[in-house]
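First up is the structure itself, then whatever we jot down about it.
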Amino acid sequence: MEYRFSEIERKWQERWEKEKAFRRTEDPNKKKFYMLEMFPYPSGKLHMGHVRNYSIGDVIARYKTMQGYNVLHPMGWDAFGLPAENAAIAHQIHPSTWTWDNINNMREQLKGLGISYDWEREVATCHPTYYRWTQWMFLQFFKRGLAYKKRSFVNWCPSCSTVLANEQVVNGHCERCGTLVGKKDLEQWFFKITDYAERLLKDIDKLTGWPEKVKVMQQNWIGRSEGALVNFTVEGSGEVITVFTTRPDTIYGVTYMVLAPEHPLVLQLVQGTQYENEVRAFINKMQYMNEITRTSEETEKEGVFIGRYAINPMNGQRIPLYIANYVLLDYGTGAVMGVPAHDQRDFEFAAKYGLPVVPVIKPEDDSVDVFDLKQAFEGQGIMINSGQFNDLPNREAMQKIIEYMEEKGIGKRHVNYRLRDWLISRQRYWGAPIPIIYCDKCGIVPVPEDQLPVILPTDVKFTGKGQSVLAESQSFVNTTCPQCGGPARRETDTMDTFVCSSFYFLRFTDPKNAEAPFSREKAEYWMPVDQYVGGVEHAILHLLYARFFTKVLYDMGLCPVDEPFTNLLTQGMVLKDGSKMSKSKGNVVSPEDIVAKYGADTARLFILFAAPPERDLEWSDQGVEGCYRFLNRVWRLVTECKDACKHYVKGETFANLSEQDRQLRYVVHNTIKRVTIDIEERFNFNTAISAIMEMVNAIYQYKDNVAGQKDMAVLGEAITHLLLLLAPFAPHITEELWEITGHEGSIHAQSWPAYDPQALEQEKIEMVVQVNGKVRDRMMVPANAGQQEIQDRALSLSRIQEIIKGKSVVKVIVVPKKLVNIVVK
């Protein structure tokens, strides 16, 4: 029989769909397992990164199903976003048409890979039945004071006419169109994620199933700092500048202060002075530098004196005020005190602009002359030049200085976070409209919940120029105030697409619910997600926002858990010729082409076999062909031995077995043990597949070399377990061979095999024999053989005797039950 993969795969995909094989409902009598891969943006075509992500998830889902779990494995589409508008502009096609065409195409591609999704739970964030709940979420945040509007400087692309996140600015230019990105002061909507900063940070300790690097990234992003807020008064104006510092012990060493160029006081302080033109020019220059560039250690620190001074509240010293590129308005207070003696960045800035260096801490051992510094002294020591705090250890002085500030009303203890509130406004069409109405009489009015969803209008034109497309739709903008009934205007910003993806995992638990985003009862059954799989590029934003949403919904009594994902696996990229696959590099491999040429099972097997999931995977055409040949070997082996399965009865006791029979059973049950551990504990799918390949070799050897003495029940057991072990990795071929060998029901509905401990108690074991560390032979020895017996057997092997002839044996190293290494010279 020939392995006709295309016919086999089509046959089983159609049968699975017809029989609703992967449909799941709540079952209180079964333990649940929620398997989720990050849902994709519907760009139109799957890439190899998708294939890897979803194949990993499918192995886990099918394995857990065979273990007896009620497995929820849904799929949907993160369907809003700027690429759809790009397509609308480029091809004069509506974003909705483009998006739904892509969804239909990608859905068929996923089905073609045989992924075990419950398609009845499919959601698309661009569908009104979904974004109704995105808008509902906004309203709940608004009611709780977690959604608010304020003016803010944002990255602005003048060509795209929209706000860009820092991640969308590449070398100062828009990643989409290449236009130089500037700063713009806009009224924007924010989510108050900072209210949850401490909980988000503290609860990282709960995430024991997450990679350590992801947890560290989140900790750093939240960035908790303990210190003090200190008030400096601007000389001659009475204006107060508040500074946050983590080093109040250095307060006496402040010799200058730096404000962010965007700080609202700057233009006020220079207006009408000789410094105004230079300051304005510097501010304009900063509008074309993004925050990442400005704060990079590689970027030269630049500043401008604004002609004003502030007074140090601790010693009355007069210190000059500068603006500089490295200070950001939305970090801390937008003002930084300069202490050149004890901060290297400040030291370099002071040297560049001729500012004084005043040491206030010296090392206890006088190892550094702080009065002749060649670089900042950033270590611990004893206070000097610090008034009443002299001679104290600086750590002790830090607390006493804060107490003194609080007593005098010039400062106070404070915890600061690097985390900023989440800017959710986007000046785009293809997104969930923000459900807010503006009334001249009533002000900001939320859209009543019974009027949701606020539907995106269709009477829009995509030119790529000018203001928000929504703002030009009069039918959308003009409305009636829900409070007074007077004329009013709708908000024309849409929400950041990260809002849509911050609760989709909850919607999957109850996707058809028209009365609520999900029922608590169903969420209680399915949540939390037991295993989440996705790229490490989402380690901060998506995962942090999803955690934030879950905590808010938990506080509202809607969600039964306060952390959404118990375990997280971040898979590596798929590379070709050492680089990430991309059209510009011409190194893209199409999944469709691979599936057409070799089949979905081969594509899946290679992508799982080539590297551990968390590491980058180098594409190899030879590797794909190797996996295809392996599946053909499995096909030939099983079809040739199909009758053997009739002789094997699950649970039967084996007796009177030959040495070859026992050896095969050892390989089979040892493989069951290895594969189970590799999937369950380590996600080492590559080593699991390797073990199955070794098992196939052992079955072939048994079949071919044990002429006339084969125990058909032993062979049948081996074939049966081979198919069960391979099923999660290659679901189509195993389903077909399960049927061919006379088994009833789907292989994916069978129980995962358990190894027989007695089969692992070998009378004889195979040991590798090395000479100077190189494998030269193998031998069978009694399982209970002593070290001397093993050594003697190894030295007596004819092949080994030939190799060591004429050489001196220095020593023989025996690793019990594994290998013998004969060291010669």
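Ordering of the structure tokens sets the chain letters (A, B, ...); residue numbers start at 1 within each chain; ligands are numbered from 1 in the order shown.
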- Task: May I have the residues within 6 Å of stretch 573-578 of chain A as a list in words, using only C-alpha atoms and disregarding those fewer than 5 positions away in the same chain?
- Result: Gly49, Asp616, Leu617, Glu618 and Trp619 of chain A
The selected residues should be written to file as an mmCIF file, in the first residue's frame (atoms: C-alpha atoms).
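Result file is again_31.cif:
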```cif
data_model
loop_
_atom_site.group_PDB
_atom_site.id
_atom_site.type_symbol
_atom_site.label_atom_id
_atom_site.label_comp_id
_atom_site.auth_asym_id
_atom_site.auth_seq_id
_atom_site.Cartn_x
_atom_site.Cartn_y
_atom_site.Cartn_z
ATOM 1 C CA GLY A 49 6.103 30.622 12.825
ATOM 2 C CA ASP A 616 15.085 29.219 17.347
ATOM 3 C CA LEU A 617 14.691 26.615 14.598
ATOM 4 C CA GLU A 618 16.831 26.567 11.465
ATOM 5 C CA TRP A 619 14.817 25.478 8.426
#
```
Any idea what's packed within 6 Å of stretch 533-538 of chain A, counting only C-alpha atoms, ignoring anything in its chain fewer than 3 positions away? Could you give it as a PDB file with all heavy atoms, in the first residue's frame?
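What landed in selection-v2.pdb:
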```
ATOM      1  N   GLU A  37      -3.187  28.756  22.157  1.00  0.00           N
ATOM      2  CA  GLU A  37      -2.092  29.456  21.491  1.00  0.00           C
ATOM      3  C   GLU A  37      -2.553  30.892  21.214  1.00  0.00           C
ATOM      4  O   GLU A  37      -3.739  31.143  21.020  1.00  0.00           O
ATOM      5  CB  GLU A  37      -1.721  28.808  20.159  1.00  0.00           C
ATOM      6  CG  GLU A  37      -1.328  27.339  20.254  1.00  0.00           C
ATOM      7  CD  GLU A  37      -2.493  26.419  19.944  1.00  0.00           C
ATOM      8  OE1 GLU A  37      -2.988  26.414  18.801  1.00  0.00           O
ATOM      9  OE2 GLU A  37      -2.935  25.727  20.866  1.00  0.00           O
ATOM     10  N   MET A  38      -1.624  31.827  21.228  1.00  0.00           N
ATOM     11  CA  MET A  38      -1.973  33.215  20.938  1.00  0.00           C
ATOM     12  C   MET A  38      -2.613  33.300  19.562  1.00  0.00           C
ATOM     13  O   MET A  38      -2.058  32.800  18.579  1.00  0.00           O
ATOM     14  CB  MET A  38      -0.721  34.092  20.995  1.00  0.00           C
ATOM     15  CG  MET A  38      -0.134  34.184  22.381  1.00  0.00           C
ATOM     16  SD  MET A  38       1.346  35.242  22.431  1.00  0.00           S
ATOM     17  CE  MET A  38       1.854  34.994  24.141  1.00  0.00           C
ATOM     18  N   LEU A 541       3.860  43.548  26.698  1.00  0.00           N
ATOM     19  CA  LEU A 541       2.613  44.278  26.515  1.00  0.00           C
ATOM     20  C   LEU A 541       1.378  43.373  26.609  1.00  0.00           C
ATOM     21  O   LEU A 541       0.554  43.533  27.497  1.00  0.00           O
ATOM     22  CB  LEU A 541       2.638  45.044  25.197  1.00  0.00           C
ATOM     23  CG  LEU A 541       3.733  46.134  25.119  1.00  0.00           C
ATOM     24  CD1 LEU A 541       3.640  46.894  23.819  1.00  0.00           C
ATOM     25  CD2 LEU A 541       3.641  47.080  26.304  1.00  0.00           C
ATOM     26  N   HIS A 542       1.230  42.417  25.687  1.00  0.00           N
ATOM     27  CA  HIS A 542       0.017  41.592  25.689  1.00  0.00           C
ATOM     28  C   HIS A 542      -0.149  40.856  27.018  1.00  0.00           C
ATOM     29  O   HIS A 542      -1.232  40.859  27.610  1.00  0.00           O
ATOM     30  CB  HIS A 542       0.036  40.595  24.533  1.00  0.00           C
ATOM     31  CG  HIS A 542      -0.953  39.479  24.705  1.00  0.00           C
ATOM     32  ND1 HIS A 542      -2.314  39.704  24.826  1.00  0.00           N
ATOM     33  CD2 HIS A 542      -0.794  38.131  24.838  1.00  0.00           C
ATOM     34  CE1 HIS A 542      -2.945  38.552  24.998  1.00  0.00           C
ATOM     35  NE2 HIS A 542      -2.040  37.593  25.014  1.00  0.00           N
ATOM     36  N   LEU A 568       3.228  29.085  30.759  1.00  0.00           N
ATOM     37  CA  LEU A 568       3.524  29.833  29.533  1.00  0.00           C
ATOM     38  C   LEU A 568       4.727  29.213  28.844  1.00  0.00           C
ATOM     39  O   LEU A 568       5.750  28.945  29.478  1.00  0.00           O
ATOM     40  CB  LEU A 568       3.819  31.299  29.871  1.00  0.00           C
ATOM     41  CG  LEU A 568       4.298  32.187  28.714  1.00  0.00           C
ATOM     42  CD1 LEU A 568       3.173  32.421  27.721  1.00  0.00           C
ATOM     43  CD2 LEU A 568       4.822  33.525  29.246  1.00  0.00           C
ATOM     44  N   LEU A 569       4.580  28.974  27.545  1.00  0.00           N
ATOM     45  CA  LEU A 569       5.694  28.496  26.725  1.00  0.00           C
ATOM     46  C   LEU A 569       5.925  29.512  25.616  1.00  0.00           C
ATOM     47  O   LEU A 569       5.002  29.825  24.855  1.00  0.00           O
ATOM     48  CB  LEU A 569       5.367  27.121  26.123  1.00  0.00           C
ATOM     49  CG  LEU A 569       6.364  26.557  25.099  1.00  0.00           C
ATOM     50  CD1 LEU A 569       7.712  26.296  25.758  1.00  0.00           C
ATOM     51  CD2 LEU A 569       5.832  25.269  24.470  1.00  0.00           C
ATOM     52  N   THR A 570       7.122  30.066  25.547  1.00  0.00           N
ATOM     53  CA  THR A 570       7.440  31.032  24.486  1.00  0.00           C
ATOM     54  C   THR A 570       8.335  30.336  23.470  1.00  0.00           C
ATOM     55  O   THR A 570       9.486  30.010  23.770  1.00  0.00           O
ATOM     56  CB  THR A 570       8.138  32.271  25.062  1.00  0.00           C
ATOM     57  OG1 THR A 570       9.274  31.863  25.836  1.00  0.00           O
ATOM     58  CG2 THR A 570       7.204  33.063  25.963  1.00  0.00           C
ATOM     59  N   GLN A 571       7.785  30.099  22.289  1.00  0.00           N
ATOM     60  CA  GLN A 571       8.542  29.352  21.288  1.00  0.00           C
ATOM     61  C   GLN A 571       9.483  30.276  20.522  1.00  0.00           C
ATOM     62  O   GLN A 571       9.249  31.477  20.400  1.00  0.00           O
ATOM     63  CB  GLN A 571       7.606  28.629  20.312  1.00  0.00           C
ATOM     64  CG  GLN A 571       7.217  29.397  19.070  1.00  0.00           C
ATOM     65  CD  GLN A 571       6.088  30.376  19.314  1.00  0.00           C
ATOM     66  OE1 GLN A 571       5.608  30.522  20.432  1.00  0.00           O
ATOM     67  NE2 GLN A 571       5.661  31.050  18.278  1.00  0.00           N
TER      68      GLN A 571
END
```
Near A:Lys817, counting only C-alpha atoms, which residues have an atom at most 9 Å away, once you skip same-chain residues fewer than 5 positions from it, shown as JSON, numbers by chain? {"A": [765, 766, 767, 781, 783]}
Select, from A:Pro40, A:Gly485, A:Gly76, A:Pro95, the residue with the minimum atom-to-atom distance to A:Lys461, counting only C-alpha atoms.
->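 Looking only at the distances to A:Lys461, the closest residue turns out to be A:Pro95.
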Which neighbours of A:Phe505 fall inside 12 Å, counting only C-alpha atoms, when residues of the same chain fewer than 2 positions from it are skipped, and could you give them as a PyMOL selection string?
-> chain A and resi 34-39+72-78+121-123+125+500-503+507-511+517-518+523+526-532+543+546-547+549-550+559+563-565
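Taking only C-alpha atoms, the non-local environment of A:Tyr275 within 7 Å (same-chain residues fewer than 3 positions away omitted) comprises Val270, Glu278, Val279, Ile306 and Gly307 of chain A.
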What separates atom CA of A:Val768 and atom CA of A:Leu819 is a distance of 4.5 Å
Between atom CA of A:Asn784 and atom CA of A:Tyr666, distance in Å (one decimal) |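 So the two atoms, atom CA of A:Asn784 and atom CA of A:Tyr666, lie 15.9 Å apart.
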- Would you mind listing what lies within 12 Å of A:Ile803 as a ChimeraX atom specification, with only C-alpha atoms counted and same-chain residues fewer than 2 positions away left out? /A:769-772,774-777,795-801,805-809,822-825
Of the residues A:Glu403, A:Asp118, A:Asp330, A:Glu524, which is the one nearest to A:Val230, using only C-alpha atoms?
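With only C-alpha atoms as the atom set, the closest residue is A:Glu403.
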Exercise. Can you list, as JSON, numbers by chain, every residue of stretch 84-279 of chain A that DSSP puts in strand (DSSP E)?
Worked result: {"A": [123, 124, 147, 148, 149, 150, 151, 152, 153, 154, 155, 156, 157, 162, 163, 164, 169, 170, 173, 174, 182, 183, 184, 185, 186, 187, 188, 189, 190, 191, 224, 225, 226, 227, 228, 229, 230, 231, 232, 233, 234, 240, 241, 242, 243, 244, 245, 256, 257, 258, 259]}
Compile the contact shell of A:Arg318 as a PyMOL selection string: residues with an atom at most 10 Å away, counting only C-alpha atoms, same-chain residues fewer than 2 positions apart removed.
chain A and resi 233-235+254-256+308-313+315-316+320-321
